[in-house]
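To start, the structure itself, in structure tokens.
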Amino acid sequence: MQILLQPPRDEGHAWRAALASALPEAAISVWPDAPAAPDYALVWKPPAELFARARPVKAIFNLGAGVEVLLAIPALPDDVPVIRLEDAGMAAQMGEYVTLAVLRAYRELDAYVAQQRAGRWQPRLRIPKSAFGVGILGFGVLGRAVAETLAPFGFPLRAWSLSRKCAPGVESFAGRAELAPFLAASQVLVCLLPSTPETRGLLDRTAFATLPRGAHVVNVARGDIVVDEDLIAALDGGHLAGAMLDVFRVEPLPSGHPFWHHPRITLTPHASAVTLVEDAALQVAGKIRRLERGESVTGIVDRARGY
Ligand SMILES: NC(=O)c1ccc[n+]([C@@H]2O[C@H](COP(=O)([O-])OP(=O)(O)OC[C@H]3O[C@@H](n4cnc5c(N)ncnc54)[C@H](OP(=O)(O)O)[C@@H]3O)[C@@H](O)[C@H]2O)c1
């Protein structure tokens with residue numbers, strides 16, 4: 001079995017070692033060394049040239065959960081399944097990050113820090129939990145994991161997805177028609193949608209205005225789902241209280257971007273949930289074994305939907 005591996009920069013050695021250990025029967029070529037027709041290609045943001053030189057025969061594995069960059073490559077073969085990572089160690093990290101953001105907002109940590117700076121001793125009134133809804137945009141692998149992590153804290157949980165869901169303790173909203181009622185009671189809005197033609201620019205002036213006054217926005221999905229200027233306007237105008245952002249339209253975030261120094265924005269450098277090489281290699285190896293036995297696998301990307 002021939003595998004073409006084109007891993008994230010700086011992770012070549014780790015990926016090769018993890019894959020060789022998980023799939024010792026495979027012959028692994030690391031890009032730019034490329035067999036013309038490998039059985040499988042494992043790629044992360046590949047150069048367009050890769051698919052001109054190598055035509056994977058059985059499947060293309062995307063070494064991350066989001067596939068928008070891969071699907072945008074014109075030379076991507078359309079007759080081979082594209083398979084993405086599912087969780088692979090990211091769900092627990094996402095749960096931690098979002099819980100941090102939600103508790104920081106609920107316990108008004110920023111207000112206490114401001115009071116400390118001003119030398120003020122002033123306990124604040126408790127916010128009733130029943131009035132502090134957490135809305136999760138996208139209820140897939142990561143959205144569900146975040147809901148499970150938040151469940152013990154007792155916030156009203158709601159989720160918005162394309163198709164209706166049935167999950168205990170989570171109110172399900174589906175489709176565009178239910179977006180406004182979903183947003184209207186989300187005191188913290190957590191974005192875990194994929195970047196697709198349908199979701200790009202979804203979080204705009206109208207969406208922010210529909211959130212309750214004083215809401216917080218947490219974007220851990222993709223930067224292009226948020227309209228940057230509209231977010232800044234909603235924060236400056238006082239309708240939104242804060243935003244915690246991990247992903248941006250351009251990464252690294254350009255040095256002159258207003259997000260860097262905005263007093264109501266906390267940002268992290270796309271670090272909320274990183275791919276864990278060993279977990280991911282084991283998942284890919286397990287799926288390759290299933291495919292070799294003629295069995296089905298999960299995580300196949302629906303190219304028409306874009307995720
Ligand atoms: N910041 C980071 O470090 C990081 C790490 C990993 C992933 N991510 C991002 O997180 C995203 C989500 O990952 P995942 O594994 O949870 O993906 P997933 O399992 O594919 O879940 C996607 C969810 O979004 C919903 N959705 C998609 N398009 C929609 C639309 N137009 N309207 C309403 N709902 C829509 C889907 O609805 P249905 O359930 O009805 O299909 C599904 O619930 C990835 O695409 C990636 O961009 C970021």
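So you can find residues: chains in the structure tokens are A, B, ... in the order shown, residues in each start at 1, and ligands are numbered from 1 in order.
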
When the cut-off is 7 Å and you count only C-alpha atoms and all ligand atoms, which residues lie near ligand 1, shown as an MDAnalysis selection string? chainID A and resid 64:67 86:87 90 137:143 160:164 174:176 192:196 198:199 220:222 246:247 270:274 307

Store the residues picked out above, limited to N, CA and C atoms, as a compact mmCIF listing (two decimals), in the first residue's frame.
# COMPACT_ATOMS: atom_id res chain seq x y z
N GLY A 64 -7.18 17.62 9.25
CA GLY A 64 -7.83 18.60 10.10
C GLY A 64 -9.33 18.39 9.95
N ALA A 65 -10.13 19.15 10.75
CA ALA A 65 -11.58 18.98 10.68
C ALA A 65 -12.19 19.83 9.56
N GLY A 66 -11.62 21.00 9.31
CA GLY A 66 -12.18 21.93 8.31
C GLY A 66 -11.57 21.66 6.94
N VAL A 67 -12.44 21.57 5.91
CA VAL A 67 -11.96 21.15 4.59
C VAL A 67 -12.06 22.24 3.52
N GLU A 86 -12.18 13.56 12.62
CA GLU A 86 -13.34 13.73 13.51
C GLU A 86 -12.81 13.65 14.94
N ASP A 87 -12.90 14.72 15.64
CA ASP A 87 -12.40 14.82 17.02
C ASP A 87 -10.88 14.62 17.05
N MET A 90 -9.37 16.75 19.45
CA MET A 90 -9.71 18.18 19.43
C MET A 90 -10.93 18.49 20.30
N LEU A 137 -23.53 27.40 17.61
CA LEU A 137 -23.78 27.36 16.16
C LEU A 137 -23.00 26.21 15.59
N GLY A 138 -23.70 25.21 15.05
CA GLY A 138 -23.03 24.00 14.55
C GLY A 138 -23.08 22.95 15.64
N PHE A 139 -23.77 21.85 15.35
CA PHE A 139 -23.91 20.81 16.37
C PHE A 139 -23.41 19.50 15.79
N GLY A 140 -22.15 19.55 15.33
CA GLY A 140 -21.51 18.35 14.80
C GLY A 140 -20.63 17.74 15.87
N VAL A 141 -19.53 17.17 15.44
CA VAL A 141 -18.64 16.46 16.38
C VAL A 141 -18.20 17.41 17.50
N LEU A 142 -17.76 18.60 17.14
CA LEU A 142 -17.21 19.51 18.17
C LEU A 142 -18.32 20.24 18.93
N GLY A 143 -19.37 20.65 18.24
CA GLY A 143 -20.47 21.32 18.92
C GLY A 143 -21.09 20.43 20.00
N TRP A 160 -27.77 25.23 16.99
CA TRP A 160 -28.34 25.50 15.65
C TRP A 160 -27.57 24.68 14.63
N SER A 161 -28.30 23.98 13.79
CA SER A 161 -27.64 23.15 12.77
C SER A 161 -28.52 23.13 11.52
N LEU A 162 -28.04 22.42 10.51
CA LEU A 162 -28.82 22.35 9.27
C LEU A 162 -30.02 21.44 9.48
N SER A 163 -29.78 20.28 10.08
CA SER A 163 -30.88 19.34 10.34
C SER A 163 -31.19 19.33 11.84
N ARG A 164 -32.46 19.03 12.16
CA ARG A 164 -32.86 19.06 13.58
C ARG A 164 -32.22 17.92 14.36
N ALA A 174 -33.09 24.54 13.77
CA ALA A 174 -32.58 24.08 12.49
C ALA A 174 -32.95 25.05 11.37
N GLY A 175 -31.95 25.32 10.51
CA GLY A 175 -32.20 26.10 9.30
C GLY A 175 -32.31 27.59 9.54
N ARG A 176 -32.27 28.32 8.43
CA ARG A 176 -32.27 29.80 8.49
C ARG A 176 -33.48 30.37 9.22
N LEU A 192 -19.22 27.10 15.98
CA LEU A 192 -18.51 25.86 15.60
C LEU A 192 -19.06 25.33 14.28
N LEU A 193 -19.28 26.28 13.35
CA LEU A 193 -19.75 25.91 12.02
C LEU A 193 -18.56 25.69 11.10
N PRO A 194 -18.75 24.89 10.05
CA PRO A 194 -17.69 24.86 9.03
C PRO A 194 -17.78 26.11 8.15
N SER A 195 -16.70 26.44 7.48
CA SER A 195 -16.73 27.55 6.52
C SER A 195 -17.22 27.02 5.19
N THR A 196 -18.43 27.45 4.79
CA THR A 196 -19.02 27.00 3.51
C THR A 196 -19.64 28.23 2.86
N GLU A 198 -22.58 28.83 2.51
CA GLU A 198 -23.76 29.19 3.31
C GLU A 198 -23.41 29.91 4.60
N THR A 199 -22.25 29.63 5.16
CA THR A 199 -21.94 30.18 6.49
C THR A 199 -20.99 31.38 6.44
N VAL A 220 -14.57 29.90 17.36
CA VAL A 220 -13.51 28.90 17.36
C VAL A 220 -13.59 28.07 16.08
N ALA A 221 -14.32 28.61 15.08
CA ALA A 221 -14.53 27.81 13.86
C ALA A 221 -13.65 28.29 12.72
N ARG A 222 -14.09 29.31 12.02
CA ARG A 222 -13.31 29.90 10.94
C ARG A 222 -13.55 31.40 10.92
N ASP A 246 -10.52 32.94 18.14
CA ASP A 246 -9.36 32.06 17.94
C ASP A 246 -8.99 31.94 16.46
N VAL A 247 -9.89 32.40 15.58
CA VAL A 247 -9.70 32.20 14.14
C VAL A 247 -10.00 33.50 13.41
N HIS A 270 -5.24 30.74 16.82
CA HIS A 270 -5.76 29.46 16.28
C HIS A 270 -5.21 28.29 17.12
N ALA A 271 -5.44 28.42 18.41
CA ALA A 271 -4.84 27.46 19.35
C ALA A 271 -5.89 26.78 20.21
N SER A 272 -7.18 26.99 19.91
CA SER A 272 -8.22 26.42 20.78
C SER A 272 -8.19 24.90 20.78
N ALA A 273 -7.93 24.31 19.62
CA ALA A 273 -7.90 22.83 19.55
C ALA A 273 -6.94 22.44 18.43
N VAL A 274 -5.82 21.93 18.80
CA VAL A 274 -4.83 21.56 17.77
C VAL A 274 -4.94 20.06 17.46
N TYR A 307 -18.91 20.45 3.58
CA TYR A 307 -18.35 20.02 4.88
C TYR A 307 -18.64 18.56 5.09

Which residues, written as a list in words, have at least one atom at most 12 Å from Ala233 of chain A, with only C-alpha atoms counted and residues fewer than 2 positions away on the same chain left out? Asp204, Arg205, Thr206, Phe208, Ala209, Val227, Asp228, Glu229, Asp230, Leu231, Leu235, Asp236, Gly237, Gly238, His239, Leu240, Ala241, Gly242, Pro258, Phe259, His262 and Arg264 of chain A

Would you please extract all strand (DSSP E or B) residues from segment 2-213 of chain A, as assigned by DSSP on the backbone, and give them as an MDAnalysis selection string? chainID A and resid 2:6 27:30 40:43 59:62 82:83 134:137 157:161 167 170:174 188:191 203

Between A:Trp121, A:Val190, A:Ala59, A:Ile3, which is the closest to Val217 of chain A once you count only C-alpha atoms?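 Closest residue, counting only C-alpha atoms: A:Val190.
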
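Minimum atom-to-atom distance to Asn62 of chain A, evaluated using only C-alpha atoms, belongs to A:Val82 out of A:Ile232, A:Ala145, A:Ala185, A:Val82.
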
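Distances to Ala285 of chain A were evaluated for A:Pro47, A:Ile73, A:Leu85, A:Leu100 using only C-alpha atoms, and the minimum falls at A:Leu85.
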
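Taking atom CA of Leu291 of chain A as the reference point, atom CA of Pro81 of chain A is found at 11.0 Å.
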
May I have the residues within 12 Å of Leu282 of chain A as number ranges by chain, using only C-alpha atoms and disregarding those fewer than 6 positions away in the same chain? A: 15, 17-24, 63, 85-89, 276, 288-289

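Take the candidates A:Ala92, A:Gly12, A:Ala75, A:Val188 and check each one against Phe132 of chain A using only C-alpha atoms; the shortest distance goes to A:Val188.
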
Enumerate as JSON, numbers by chain all residues of segment 112-245 of chain A assigned to helix (DSSP H, G or I) by DSSP on the backbone, naming them with the chain letters and numbers the document uses. {"A": [112, 113, 114, 115, 116, 117, 129, 130, 131, 141, 142, 143, 144, 145, 146, 147, 148, 149, 150, 151, 152, 153, 176, 177, 178, 179, 180, 181, 182, 183, 184, 205, 206, 207, 208, 209, 210, 223, 224, 225, 228, 229, 230, 231, 232, 233, 234, 235, 236]}

Go through A:Pro263, A:Ala26, A:Leu183, A:Leu4 one by one, measure the shortest atom-to-atom distance of each to Phe51 of chain A using only C-alpha atoms, and give the residue with the smallest value.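 The shortest atom-to-atom distance to Phe51 of chain A comes from A:Leu4.
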
Between A:Leu245, A:Met94, A:Leu42, A:Ala180, which is the closest to Gln2 of chain A once you count only C-alpha atoms? A:Leu42

If we count only C-alpha atoms, what is near Trp260 of chain A at a cut-off of 12 Å, once residues fewer than 4 positions away on the same chain are taken out, given as an mmCIF file with N, CA and C atoms, in the first residue's frame?
data_model
loop_
_atom_site.group_PDB
_atom_site.id
_atom_site.type_symbol
_atom_site.label_atom_id
_atom_site.label_comp_id
_atom_site.auth_asym_id
_atom_site.auth_seq_id
_atom_site.Cartn_x
_atom_site.Cartn_y
_atom_site.Cartn_z
ATOM 1 N N ILE A 232 -16.836 44.668 15.298
ATOM 2 C CA ILE A 232 -16.259 45.833 15.989
ATOM 3 C C ILE A 232 -17.346 46.884 16.254
ATOM 4 N N ALA A 243 -15.811 39.618 22.973
ATOM 5 C CA ALA A 243 -15.627 38.530 22.009
ATOM 6 C C ALA A 243 -14.317 37.828 22.314
ATOM 7 N N MET A 244 -14.353 36.521 22.169
ATOM 8 C CA MET A 244 -13.145 35.720 22.311
ATOM 9 C C MET A 244 -12.951 35.025 20.967
ATOM 10 N N LEU A 245 -11.853 35.338 20.304
ATOM 11 C CA LEU A 245 -11.650 34.901 18.918
ATOM 12 C C LEU A 245 -10.382 34.077 18.805
ATOM 13 N N ASP A 246 -10.520 32.937 18.137
ATOM 14 C CA ASP A 246 -9.359 32.057 17.938
ATOM 15 C C ASP A 246 -8.990 31.939 16.464
ATOM 16 N N PHE A 248 -9.339 33.720 12.278
ATOM 17 C CA PHE A 248 -9.380 35.015 11.607
ATOM 18 C C PHE A 248 -9.399 34.827 10.101
ATOM 19 N N PRO A 252 -1.383 34.365 10.064
ATOM 20 C CA PRO A 252 -1.547 35.101 11.323
ATOM 21 C C PRO A 252 -2.297 36.428 11.115
ATOM 22 N N LEU A 253 -3.013 36.866 12.157
ATOM 23 C CA LEU A 253 -3.751 38.126 12.087
ATOM 24 C C LEU A 253 -2.761 39.263 11.791
ATOM 25 N N PRO A 254 -2.999 40.051 10.707
ATOM 26 C CA PRO A 254 -2.052 41.125 10.348
ATOM 27 C C PRO A 254 -1.842 42.110 11.506
ATOM 28 N N SER A 255 -0.630 42.650 11.602
ATOM 29 C CA SER A 255 -0.281 43.458 12.783
ATOM 30 C C SER A 255 -1.155 44.698 12.930
ATOM 31 N N GLY A 256 -1.649 45.261 11.832
ATOM 32 C CA GLY A 256 -2.453 46.479 11.966
ATOM 33 C C GLY A 256 -3.931 46.210 12.203
ATOM 34 N N ARG A 264 -12.364 45.011 24.136
ATOM 35 C CA ARG A 264 -13.370 43.985 24.446
ATOM 36 C C ARG A 264 -13.121 42.679 23.692
ATOM 37 N N ILE A 265 -11.962 42.570 23.073
ATOM 38 C CA ILE A 265 -11.656 41.333 22.348
ATOM 39 C C ILE A 265 -10.459 40.652 23.000
ATOM 40 N N THR A 266 -10.609 39.353 23.214
ATOM 41 C CA THR A 266 -9.469 38.526 23.612
ATOM 42 C C THR A 266 -9.203 37.599 22.440
ATOM 43 N N LEU A 267 -7.957 37.522 22.009
ATOM 44 C CA LEU A 267 -7.688 36.627 20.882
ATOM 45 C C LEU A 267 -6.570 35.644 21.198
ATOM 46 N N THR A 268 -6.683 34.502 20.545
ATOM 47 C CA THR A 268 -5.661 33.453 20.642
ATOM 48 C C THR A 268 -5.302 33.049 19.205
ATOM 49 N N PRO A 269 -4.065 32.572 18.990
ATOM 50 C CA PRO A 269 -3.584 32.318 17.622
ATOM 51 C C PRO A 269 -3.967 30.937 17.081
#

Could you please determine the separation between atom CA of Arg84 of chain A and atom CA of Ala147 of chain A in Å, to one decimal place? 21.5 Å

List the spatial neighbours of Arg53 of chain A as a count of residues only - criterion: any atom at most 8 Å away, only C-alpha atoms, same-chain residues fewer than 6 positions off excluded. 3

Please list as a PDB file with all heavy atoms, in the first residue's frame every residue within 12 Å of Arg107 of chain A, counting only C-alpha atoms and excluding residues in the same chain fewer than 5 positions away.
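In the end it all went to result-v6.pdb:
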ATOM      1  N   THR A  99     -15.541  26.422  27.626  1.00  0.00           N
ATOM      2  CA  THR A  99     -15.946  26.524  29.031  1.00  0.00           C
ATOM      3  C   THR A  99     -15.255  27.729  29.682  1.00  0.00           C
ATOM      4  O   THR A  99     -15.875  28.496  30.436  1.00  0.00           O
ATOM      5  CB  THR A  99     -15.590  25.227  29.790  1.00  0.00           C
ATOM      6  OG1 THR A  99     -16.249  24.143  29.147  1.00  0.00           O
ATOM      7  CG2 THR A  99     -16.032  25.286  31.236  1.00  0.00           C
ATOM      8  N   LEU A 100     -13.982  27.902  29.368  1.00  0.00           N
ATOM      9  CA  LEU A 100     -13.248  29.069  29.871  1.00  0.00           C
ATOM     10  C   LEU A 100     -13.957  30.367  29.462  1.00  0.00           C
ATOM     11  O   LEU A 100     -14.174  31.268  30.288  1.00  0.00           O
ATOM     12  CB  LEU A 100     -11.820  29.037  29.302  1.00  0.00           C
ATOM     13  CG  LEU A 100     -10.919  30.222  29.591  1.00  0.00           C
ATOM     14  CD1 LEU A 100     -10.510  30.239  31.054  1.00  0.00           C
ATOM     15  CD2 LEU A 100      -9.671  30.170  28.717  1.00  0.00           C
ATOM     16  N   ALA A 101     -14.340  30.445  28.187  1.00  0.00           N
ATOM     17  CA  ALA A 101     -14.978  31.664  27.681  1.00  0.00           C
ATOM     18  C   ALA A 101     -16.351  31.879  28.323  1.00  0.00           C
ATOM     19  O   ALA A 101     -16.702  33.006  28.699  1.00  0.00           O
ATOM     20  CB  ALA A 101     -15.116  31.569  26.158  1.00  0.00           C
ATOM     21  N   VAL A 102     -17.126  30.799  28.476  1.00  0.00           N
ATOM     22  CA  VAL A 102     -18.484  30.936  29.023  1.00  0.00           C
ATOM     23  C   VAL A 102     -18.423  31.332  30.501  1.00  0.00           C
ATOM     24  O   VAL A 102     -19.129  32.248  30.948  1.00  0.00           O
ATOM     25  CB  VAL A 102     -19.276  29.615  28.833  1.00  0.00           C
ATOM     26  CG1 VAL A 102     -20.584  29.645  29.622  1.00  0.00           C
ATOM     27  CG2 VAL A 102     -19.559  29.365  27.344  1.00  0.00           C
ATOM     28  N   TYR A 112     -14.667  42.389  37.025  1.00  0.00           N
ATOM     29  CA  TYR A 112     -13.893  42.336  38.283  1.00  0.00           C
ATOM     30  C   TYR A 112     -12.451  42.801  38.075  1.00  0.00           C
ATOM     31  O   TYR A 112     -11.878  43.469  38.938  1.00  0.00           O
ATOM     32  CB  TYR A 112     -13.932  40.920  38.872  1.00  0.00           C
ATOM     33  CG  TYR A 112     -15.211  40.642  39.633  1.00  0.00           C
ATOM     34  CD1 TYR A 112     -16.077  39.637  39.237  1.00  0.00           C
ATOM     35  CD2 TYR A 112     -15.548  41.414  40.747  1.00  0.00           C
ATOM     36  CE1 TYR A 112     -17.253  39.388  39.935  1.00  0.00           C
ATOM     37  CE2 TYR A 112     -16.714  41.172  41.444  1.00  0.00           C
ATOM     38  CZ  TYR A 112     -17.577  40.163  41.041  1.00  0.00           C
ATOM     39  OH  TYR A 112     -18.736  39.954  41.739  1.00  0.00           O
ATOM     40  N   VAL A 113     -11.889  42.451  36.909  1.00  0.00           N
ATOM     41  CA  VAL A 113     -10.516  42.896  36.636  1.00  0.00           C
ATOM     42  C   VAL A 113     -10.492  44.428  36.537  1.00  0.00           C
ATOM     43  O   VAL A 113      -9.599  45.090  37.089  1.00  0.00           O
ATOM     44  CB  VAL A 113      -9.966  42.236  35.342  1.00  0.00           C
ATOM     45  CG1 VAL A 113      -8.662  42.897  34.918  1.00  0.00           C
ATOM     46  CG2 VAL A 113      -9.760  40.737  35.551  1.00  0.00           C
ATOM     47  N   PRO A 123     -18.691  43.553  45.301  1.00  0.00           N
ATOM     48  CA  PRO A 123     -19.307  42.308  44.804  1.00  0.00           C
ATOM     49  C   PRO A 123     -20.470  42.627  43.866  1.00  0.00           C
ATOM     50  O   PRO A 123     -21.216  43.576  44.107  1.00  0.00           O
ATOM     51  CB  PRO A 123     -19.807  41.618  46.080  1.00  0.00           C
ATOM     52  CG  PRO A 123     -19.082  42.290  47.199  1.00  0.00           C
ATOM     53  CD  PRO A 123     -18.767  43.684  46.757  1.00  0.00           C
ATOM     54  N   ARG A 124     -20.600  41.865  42.815  1.00  0.00           N
ATOM     55  CA  ARG A 124     -21.656  42.119  41.836  1.00  0.00           C
ATOM     56  C   ARG A 124     -22.824  41.163  42.081  1.00  0.00           C
ATOM     57  O   ARG A 124     -22.644  40.095  42.653  1.00  0.00           O
ATOM     58  CB  ARG A 124     -21.105  41.933  40.421  1.00  0.00           C
ATOM     59  CG  ARG A 124     -19.937  42.859  40.145  1.00  0.00           C
ATOM     60  CD  ARG A 124     -19.273  42.537  38.830  1.00  0.00           C
ATOM     61  NE  ARG A 124     -20.117  42.857  37.694  1.00  0.00           N
ATOM     62  CZ  ARG A 124     -20.223  44.053  37.134  1.00  0.00           C
ATOM     63  NH1 ARG A 124     -19.521  45.079  37.623  1.00  0.00           N
ATOM     64  NH2 ARG A 124     -20.999  44.251  36.092  1.00  0.00           N
ATOM     65  N   LEU A 125     -24.013  41.580  41.628  1.00  0.00           N
ATOM     66  CA  LEU A 125     -25.188  40.715  41.783  1.00  0.00           C
ATOM     67  C   LEU A 125     -25.018  39.470  40.925  1.00  0.00           C
ATOM     68  O   LEU A 125     -24.511  39.556  39.815  1.00  0.00           O
ATOM     69  CB  LEU A 125     -26.448  41.460  41.323  1.00  0.00           C
ATOM     70  CG  LEU A 125     -26.946  42.571  42.229  1.00  0.00           C
ATOM     71  CD1 LEU A 125     -28.162  43.249  41.592  1.00  0.00           C
ATOM     72  CD2 LEU A 125     -27.317  42.009  43.614  1.00  0.00           C
ATOM     73  N   ARG A 126     -25.458  38.312  41.477  1.00  0.00           N
ATOM     74  CA  ARG A 126     -25.366  37.087  40.682  1.00  0.00           C
ATOM     75  C   ARG A 126     -26.331  37.147  39.496  1.00  0.00           C
ATOM     76  O   ARG A 126     -27.457  37.628  39.625  1.00  0.00           O
ATOM     77  CB  ARG A 126     -25.746  35.871  41.542  1.00  0.00           C
ATOM     78  CG  ARG A 126     -24.756  35.553  42.615  1.00  0.00           C
ATOM     79  CD  ARG A 126     -23.565  34.809  42.107  1.00  0.00           C
ATOM     80  NE  ARG A 126     -23.881  33.469  41.644  1.00  0.00           N
ATOM     81  CZ  ARG A 126     -22.974  32.600  41.236  1.00  0.00           C
ATOM     82  NH1 ARG A 126     -21.703  32.942  41.220  1.00  0.00           N
ATOM     83  NH2 ARG A 126     -23.322  31.408  40.829  1.00  0.00           N
ATOM     84  N   ILE A 127     -25.896  36.650  38.357  1.00  0.00           N
ATOM     85  CA  ILE A 127     -26.787  36.564  37.191  1.00  0.00           C
ATOM     86  C   ILE A 127     -27.535  35.236  37.310  1.00  0.00           C
ATOM     87  O   ILE A 127     -26.905  34.191  37.510  1.00  0.00           O
ATOM     88  CB  ILE A 127     -25.964  36.558  35.884  1.00  0.00           C
ATOM     89  CG1 ILE A 127     -25.096  37.805  35.789  1.00  0.00           C
ATOM     90  CG2 ILE A 127     -26.856  36.389  34.672  1.00  0.00           C
ATOM     91  CD1 ILE A 127     -24.069  37.771  34.670  1.00  0.00           C
ATOM     92  N   PRO A 128     -28.875  35.250  37.213  1.00  0.00           N
ATOM     93  CA  PRO A 128     -29.585  33.965  37.279  1.00  0.00           C
ATOM     94  C   PRO A 128     -29.171  33.074  36.105  1.00  0.00           C
ATOM     95  O   PRO A 128     -29.128  33.529  34.966  1.00  0.00           O
ATOM     96  CB  PRO A 128     -31.066  34.336  37.175  1.00  0.00           C
ATOM     97  CG  PRO A 128     -31.130  35.809  37.038  1.00  0.00           C
ATOM     98  CD  PRO A 128     -29.760  36.390  37.008  1.00  0.00           C
ATOM     99  N   LYS A 129     -28.860  31.829  36.417  1.00  0.00           N
ATOM    100  CA  LYS A 129     -28.401  30.922  35.356  1.00  0.00           C
ATOM    101  C   LYS A 129     -29.463  30.725  34.285  1.00  0.00           C
ATOM    102  O   LYS A 129     -29.164  30.589  33.105  1.00  0.00           O
ATOM    103  CB  LYS A 129     -28.036  29.563  35.943  1.00  0.00           C
ATOM    104  CG  LYS A 129     -26.554  29.404  36.015  1.00  0.00           C
ATOM    105  CD  LYS A 129     -26.121  28.021  36.363  1.00  0.00           C
ATOM    106  CE  LYS A 129     -24.626  28.122  36.655  1.00  0.00           C
ATOM    107  NZ  LYS A 129     -24.115  26.983  37.358  1.00  0.00           N
ATOM    108  N   PHE A 132     -29.161  32.857  31.343  1.00  0.00           N
ATOM    109  CA  PHE A 132     -27.851  32.893  30.683  1.00  0.00           C
ATOM    110  C   PHE A 132     -27.737  31.725  29.693  1.00  0.00           C
ATOM    111  O   PHE A 132     -27.044  30.722  29.932  1.00  0.00           O
ATOM    112  CB  PHE A 132     -26.733  32.838  31.741  1.00  0.00           C
ATOM    113  CG  PHE A 132     -25.433  33.420  31.263  1.00  0.00           C
ATOM    114  CD1 PHE A 132     -25.190  34.784  31.329  1.00  0.00           C
ATOM    115  CD2 PHE A 132     -24.445  32.599  30.727  1.00  0.00           C
ATOM    116  CE1 PHE A 132     -23.997  35.327  30.871  1.00  0.00           C
ATOM    117  CE2 PHE A 132     -23.244  33.134  30.273  1.00  0.00           C
ATOM    118  CZ  PHE A 132     -23.018  34.501  30.351  1.00  0.00           C
TER     119      PHE A 132
END
